[in-house]
Each structure stands twice: as structure tokens, then as C-alpha cells.
>>> print(open('input-v7.txt').read())   # compact mmCIF, C-alpha atoms
# COMPACT_ATOMS: atom_id res chain seq x y z
CA MET B 1 96.85 109.19 89.65
CA PHE B 2 98.90 109.91 92.77
CA LEU B 3 100.42 112.98 94.40
CA VAL B 4 104.12 113.68 94.91
CA GLY B 5 105.03 116.29 97.50
CA LEU B 6 108.28 118.08 96.70
CA THR B 7 110.11 120.37 99.08
CA GLY B 8 113.58 121.66 99.88
CA GLY B 9 115.21 124.57 101.64
CA ILE B 10 116.56 128.00 100.88
CA ALA B 11 119.22 127.81 98.14
CA SER B 12 118.89 124.02 97.89
CA GLY B 13 117.96 124.19 94.19
CA LYS B 14 114.28 123.25 94.43
CA SER B 15 113.19 125.72 91.75
CA SER B 16 115.75 124.35 89.29
CA VAL B 17 114.59 120.79 89.97
CA ILE B 18 110.97 121.84 89.39
CA GLN B 19 111.97 123.30 86.02
CA VAL B 20 113.46 119.95 84.98
CA PHE B 21 110.26 118.11 85.93
CA GLN B 22 108.27 120.63 83.88
CA GLN B 23 110.61 120.19 80.91
CA LEU B 24 109.94 116.46 81.17
CA GLY B 25 106.23 117.20 80.78
CA CYS B 26 105.25 116.69 84.41
CA ALA B 27 102.25 118.36 86.01
CA VAL B 28 103.34 120.74 88.78
CA ILE B 29 101.16 122.65 91.24
CA ASP B 30 102.80 125.44 93.26
CA ILE B 31 101.10 125.71 96.65
CA ASP B 32 102.54 129.21 97.23
CA VAL B 33 100.86 130.40 94.03
CA ILE B 34 97.55 128.90 95.18
CA ALA B 35 97.95 130.52 98.60
CA ARG B 36 98.24 133.92 96.90
CA GLN B 37 95.31 133.21 94.58
CA VAL B 38 92.81 132.25 97.27
CA VAL B 39 93.22 135.57 99.12
CA GLN B 40 92.61 137.73 96.04
CA PRO B 41 89.64 140.12 96.13
CA GLY B 42 86.41 138.33 95.30
CA HIS B 43 87.46 135.05 96.89
CA PRO B 44 85.78 133.85 100.13
CA ALA B 45 89.07 133.80 102.04
CA HIS B 46 89.70 137.47 101.22
CA ARG B 47 86.34 138.49 102.66
CA ARG B 48 86.83 136.40 105.80
CA ILE B 49 90.34 137.79 106.38
CA VAL B 50 89.02 141.34 106.23
CA GLU B 51 86.19 140.43 108.61
CA ALA B 52 88.65 138.83 111.05
CA PHE B 53 91.57 141.29 110.88
CA GLY B 54 90.02 144.54 109.69
CA THR B 55 90.51 146.78 106.67
CA GLU B 56 94.00 147.77 107.87
CA VAL B 57 95.31 144.59 106.22
CA LEU B 58 94.29 145.91 102.78
CA LEU B 59 96.31 147.80 100.21
CA GLU B 60 94.73 150.68 98.31
CA ASN B 61 93.80 148.37 95.42
CA GLY B 62 92.01 145.95 97.76
CA ASP B 63 94.70 143.27 97.81
CA ILE B 64 95.85 141.80 101.10
CA ASN B 65 98.91 143.55 102.48
CA ARG B 66 100.95 140.44 103.27
CA LYS B 67 103.50 142.33 105.36
CA VAL B 68 100.88 143.96 107.57
CA LEU B 69 99.03 140.68 107.97
CA GLY B 70 102.29 138.90 108.77
CA ASP B 71 103.09 141.48 111.45
CA LEU B 72 99.63 141.02 112.97
CA ILE B 73 100.04 137.26 113.41
CA PHE B 74 103.75 137.35 114.34
CA ASN B 75 104.24 135.62 117.71
CA GLN B 76 100.45 135.39 118.15
CA PRO B 77 99.51 131.70 117.82
CA ASP B 78 95.78 132.35 118.17
CA ARG B 79 95.69 134.83 115.30
CA ARG B 80 97.95 132.64 113.19
CA SER B 81 95.62 129.70 113.80
CA LEU B 82 92.66 131.87 112.79
CA LEU B 83 94.36 132.82 109.52
CA ASN B 84 95.23 129.19 108.82
CA ALA B 85 91.64 128.15 109.53
CA ILE B 86 90.52 130.65 106.89
CA THR B 87 93.07 129.94 104.18
CA HIS B 88 94.00 126.25 104.48
CA PRO B 89 90.57 124.82 103.49
CA GLU B 90 90.51 127.12 100.45
CA ILE B 91 94.06 126.10 99.51
CA ARG B 92 93.16 122.40 99.75
CA LYS B 93 90.00 122.94 97.73
CA GLN B 94 91.88 124.71 94.93
CA MET B 95 94.63 122.10 95.07
CA MET B 96 92.08 119.34 94.55
CA LYS B 97 90.47 121.21 91.65
CA GLU B 98 93.78 121.58 89.85
CA THR B 99 94.72 117.99 90.61
CA PHE B 100 91.43 116.75 89.15
CA LYS B 101 92.08 118.70 85.94
CA TYR B 102 95.37 116.86 85.54
CA PHE B 103 93.61 113.58 86.32
CA LEU B 104 91.16 114.17 83.50
CA ARG B 105 94.06 114.90 81.17
CA GLY B 106 95.54 111.48 81.92
CA TYR B 107 98.58 112.35 84.03
CA ARG B 108 99.87 109.47 86.13
CA TYR B 109 101.14 111.71 88.92
CA VAL B 110 101.15 115.36 89.94
CA ILE B 111 103.97 117.15 91.76
CA LEU B 112 102.96 119.57 94.48
CA ASP B 113 105.63 122.15 95.25
CA ILE B 114 105.16 122.64 99.01
CA PRO B 115 107.90 124.64 100.81
CA LEU B 116 106.64 123.74 104.32
CA LEU B 117 105.58 120.16 103.60
CA PHE B 118 107.23 118.67 106.70
CA GLU B 119 106.91 121.73 108.92
CA THR B 120 103.12 122.06 108.81
CA LYS B 121 102.34 118.40 107.97
CA LYS B 122 98.88 119.58 106.77
CA LEU B 123 99.18 118.04 103.31
CA LEU B 124 101.40 115.04 104.07
CA LYS B 125 98.46 112.64 104.29
CA TYR B 126 97.57 113.34 100.65
CA MET B 127 101.08 112.50 99.34
CA LYS B 128 101.91 109.06 97.97
CA HIS B 129 105.56 110.06 97.57
CA THR B 130 107.64 112.78 99.20
CA VAL B 131 110.78 114.27 97.65
CA VAL B 132 113.39 116.54 99.20
CA VAL B 133 115.88 118.56 97.18
CA TYR B 134 118.93 118.34 99.44
CA CYS B 135 122.39 119.86 99.59
CA ASP B 136 124.95 119.83 102.38
CA ARG B 137 124.99 122.81 104.70
CA ASP B 138 128.31 124.27 103.50
CA THR B 139 127.07 124.23 99.91
CA GLN B 140 123.74 125.73 100.94
CA LEU B 141 125.51 128.51 102.85
CA ALA B 142 127.90 129.33 99.99
CA ARG B 143 125.08 129.39 97.42
CA LEU B 144 122.87 131.59 99.57
CA MET B 145 125.68 134.08 100.26
CA GLN B 146 126.44 134.34 96.54
CA ARG B 147 122.84 134.37 95.31
CA ASN B 148 121.51 136.96 97.76
CA ASN B 149 124.77 138.87 98.28
CA LEU B 150 124.67 138.18 102.03
CA ASN B 151 127.41 138.03 104.60
CA ARG B 152 127.97 134.75 106.42
CA GLU B 153 126.10 135.79 109.57
CA ASP B 154 122.94 136.83 107.73
CA ALA B 155 123.00 133.74 105.52
CA GLU B 156 123.39 131.43 108.52
CA ALA B 157 120.47 133.17 110.26
CA ARG B 158 118.20 132.51 107.27
CA ILE B 159 119.20 128.86 107.12
CA LYS B 160 118.71 128.39 110.87
CA ALA B 161 115.18 129.82 110.55
CA GLN B 162 114.19 126.72 108.54
CA LEU B 163 113.96 123.04 109.39
CA PRO B 164 117.41 121.58 108.56
CA LEU B 165 117.62 119.85 105.21
CA LYS B 166 119.17 116.77 106.81
CA ASP B 167 116.01 116.39 108.94
CA LYS B 168 113.77 116.75 105.90
CA ALA B 169 115.88 114.18 104.03
CA ARG B 170 115.34 111.64 106.82
CA MET B 171 111.56 112.06 106.54
CA ALA B 172 111.35 111.92 102.74
CA ARG B 173 110.84 108.86 100.59
CA HIS B 174 113.14 110.22 97.87
CA VAL B 175 116.15 112.53 98.18
CA LEU B 176 117.62 114.44 95.25
CA ASP B 177 121.16 115.40 96.28
CA ASN B 178 122.04 118.73 94.72
CA SER B 179 125.34 119.17 96.56
CA GLY B 180 127.52 118.63 93.50
CA GLU B 181 127.44 119.19 89.77
CA TRP B 182 124.09 120.18 88.27
CA SER B 183 124.38 117.47 85.60
CA VAL B 184 124.39 114.86 88.38
CA THR B 185 121.29 116.38 89.98
CA LYS B 186 119.50 116.56 86.63
CA ARG B 187 120.17 112.87 86.03
CA GLN B 188 118.66 112.06 89.44
CA VAL B 189 115.52 113.99 88.48
CA ILE B 190 115.21 112.14 85.17
CA LEU B 191 115.64 108.75 86.87
CA LEU B 192 113.05 109.62 89.53
CA HIS B 193 110.59 110.73 86.87
CA ALA B 194 111.09 107.42 85.04
CA GLU B 195 110.50 105.51 88.30
CA LEU B 196 107.30 107.40 89.04
CA GLU B 197 106.04 106.98 85.47
CA ARG B 198 106.60 103.20 85.69
CA SER B 199 104.72 102.99 88.96
CA LEU B 200 101.25 101.44 88.85
CA GLU B 201 100.11 103.34 91.92
CA TYR B 202 97.88 105.50 89.77
CA LEU B 203 95.71 102.54 88.74
CA PRO B 204 93.50 102.00 91.84
CA LEU B 205 92.15 105.55 91.85
CA ARG B 206 91.70 105.71 88.09
CA LEU B 207 89.92 102.34 87.99
CA GLY B 208 87.77 103.34 90.93
CA VAL B 209 86.71 106.59 89.27
CA LEU B 210 86.02 104.87 85.95
CA THR B 211 83.96 102.19 87.71
CA GLY B 212 81.99 104.88 89.50
CA LEU B 213 81.36 106.79 86.27
CA ALA B 214 80.24 103.58 84.57
CA GLY B 215 77.81 102.93 87.42
CA ILE B 216 76.37 106.43 87.17
CA ALA B 217 76.01 106.10 83.39
CA GLY B 218 74.20 102.79 83.85
CA LEU B 219 71.86 104.28 86.43
CA LEU B 220 71.06 107.24 84.18
CA TYR B 221 70.32 104.84 81.30
CA LEU B 222 67.89 102.82 83.43
CA LEU B 223 66.18 105.94 84.73
CA THR B 224 65.81 107.23 81.17
CA ARG B 225 64.24 103.96 80.02
CA TYR B 226 61.74 103.77 82.86
CA LEU B 227 60.84 107.44 83.21
CA LEU B 228 60.56 108.49 79.58
CA PRO B 229 57.53 107.29 77.61
CA SER B 230 58.16 104.68 74.91
CA PRO B 231 57.74 105.93 71.30
>>> encode(input="input-v7.txt", output="C-alpha cells")
Amino acid sequence: MFLVGLTGGIASGKSSVIQVFQQLGCAVIDIDVIARQVVQPGHPAHRRIVEAFGTEVLLENGDINRKVLGDLIFNQPDRRSLLNAITHPEIRKQMMKETFKYFLRGYRYVILDIPLLFETKKLLKYMKHTVVVYCDRDTQLARLMQRNNLNREDAEARIKAQLPLKDKARMARHVLDNSGEWSVTKRQVILLHAELERSLEYLPLRLGVLTGLAGIAGLLYLLTRYLLPSP
């Protein structure tokens, strides 16, 4: 099995593309969902965040107050790095757990929905393929203004706060152009899914794991024969 990192930009249509992959039966892991899960009360990252930043980052119910925490690390690289050092290992650990579950279920590839795939570069090394959901800037601006009921100035400010989609497209292995009709985009998704399904890149890992399991089973058999008394 191999990993496919999928990203996009605000109002590029990434969520709609993800829905098509899911309708096609693909395994999808949302990194934002995992990032929220690992800081829930009872998880190690939650305890370490409270130890590092104090109880003022907690809501009354014990959940992390994301706004307060965000304000604390805003424009403070050291504190942001500390938060990342707490959460990123837990995110990767949970990501690997979920990926392994899909491996056991026989999926050939897993899509990881990672909004900041190219900005942080933390997870790039795990990705066999990278996909960007792209649209031209004028289309992105018009969609954002309509979707969020924003004026042009506010919409442009939100787009400028992100890495430009054209830059992400240059770094990606696959680009799904969502600038035009949705039917065209949907066809691109279906074709990419077919390409990934035909790929044999999942075989080395699967064969390696199966070989390892066979070796362990053989070792256990030998130990059983030599350690247990004969009837």
C-alpha cells in the first residue's frame, strides 16, 4: 500500500474532490480531524499542552481552547515550535495507526487530506504521490466571495495568506484542475483513481510485510516444537 497526499487551497474545491474519492470507495484520512483528536482530554498531547501553556488554554469542559492557544503562539516561533513538538509526533502516530488499519483491509492506497502539505513539508517524505486541487486565481476569488459572502478585499486577503495554488501545482505530482465545470473535474478524479488503482507500487510493502509475518510464524512454530514437550 502507498500514501497519496492531497491538498488544495481555500475555495479550490478540495472537499468536493475528497467526496468523489470516498464515493469511489477510497480510504481517506483527514489530518485536521486527527489533529483535533490527539489534543482531546485523556490524550498525552492534551496533558503536555496544559503543562507547557497553563490551564488558561482550557475551556470549562476541559477541551483545548484553540483560539486562546492560537493567540499564545501567534508571532512567537519558539512557542509555536513547542506546540508542534508536542502534537506532530502524536499526529504521525495516529496517522500510521489508521493507515495500518486500511492496509489490513486490503486497500492499495490511502489518501491523506493535508491542507498544509507543502507549507510544513513534515509529511511529504511519507507520500508516494502528491495531488493538488487547483483552480485559477480569478475563479478562486469569485468562489470565495460567493461562498463566504465576502467583499473582494477580504477575499483577496484570505487567499494571499496561503501559499499560491500555482506554486503548489508546480510541486505536485498530479494536478486536478477545478477551474471549469464540475463534471470535468469529477472525470479527472475518476481517471486518477483508476491510475492509482492500476499502480503496482503497493506490492513491495505488502510483500515485505507478508514475508516478515511468514518468518515470524515459522519462528514461532520452531520454538513451539523445541520448547514444548513431545506427547
>>> atom_distance(input="input-v7.txt", atom1="atom CA of B:Val175", atom2="atom CA of B:Lys14")
11.5 Å
>>> atom_distance(input="input-v7.txt", atom1="atom CA of B:Lys166", atom2="atom CA of B:Ala11")
14.0 Å
>>> atom_distance(input="input-v7.txt", atom1="atom CA of B:Leu112", atom2="atom CA of B:Pro89")
16.2 Å
>>> residues_around(input="input-v7.txt", residues="B:Leu69", least_positions_apart="6", cutoff="10 Å", atoms="all atoms listed in the file", output="PyMOL selection string")
chain B and resi 49+53-54+56-58+79-80+83
>>> residues_near_point(input="input-v7.txt", point="(110.1, 106.8, 98.2)", cutoff="7 Å", atoms="all atoms listed in the file", output="PDB file with C-alpha atoms, keeping the file's coordinate frame")
ATOM      1  CA  HIS B 129     105.560 110.060  97.570  1.00  0.00           C
ATOM      2  CA  THR B 130     107.640 112.780  99.200  1.00  0.00           C
ATOM      3  CA  ALA B 172     111.350 111.920 102.740  1.00  0.00           C
ATOM      4  CA  ARG B 173     110.840 108.860 100.590  1.00  0.00           C
ATOM      5  CA  HIS B 174     113.140 110.220  97.870  1.00  0.00           C
TER       6      HIS B 174
END
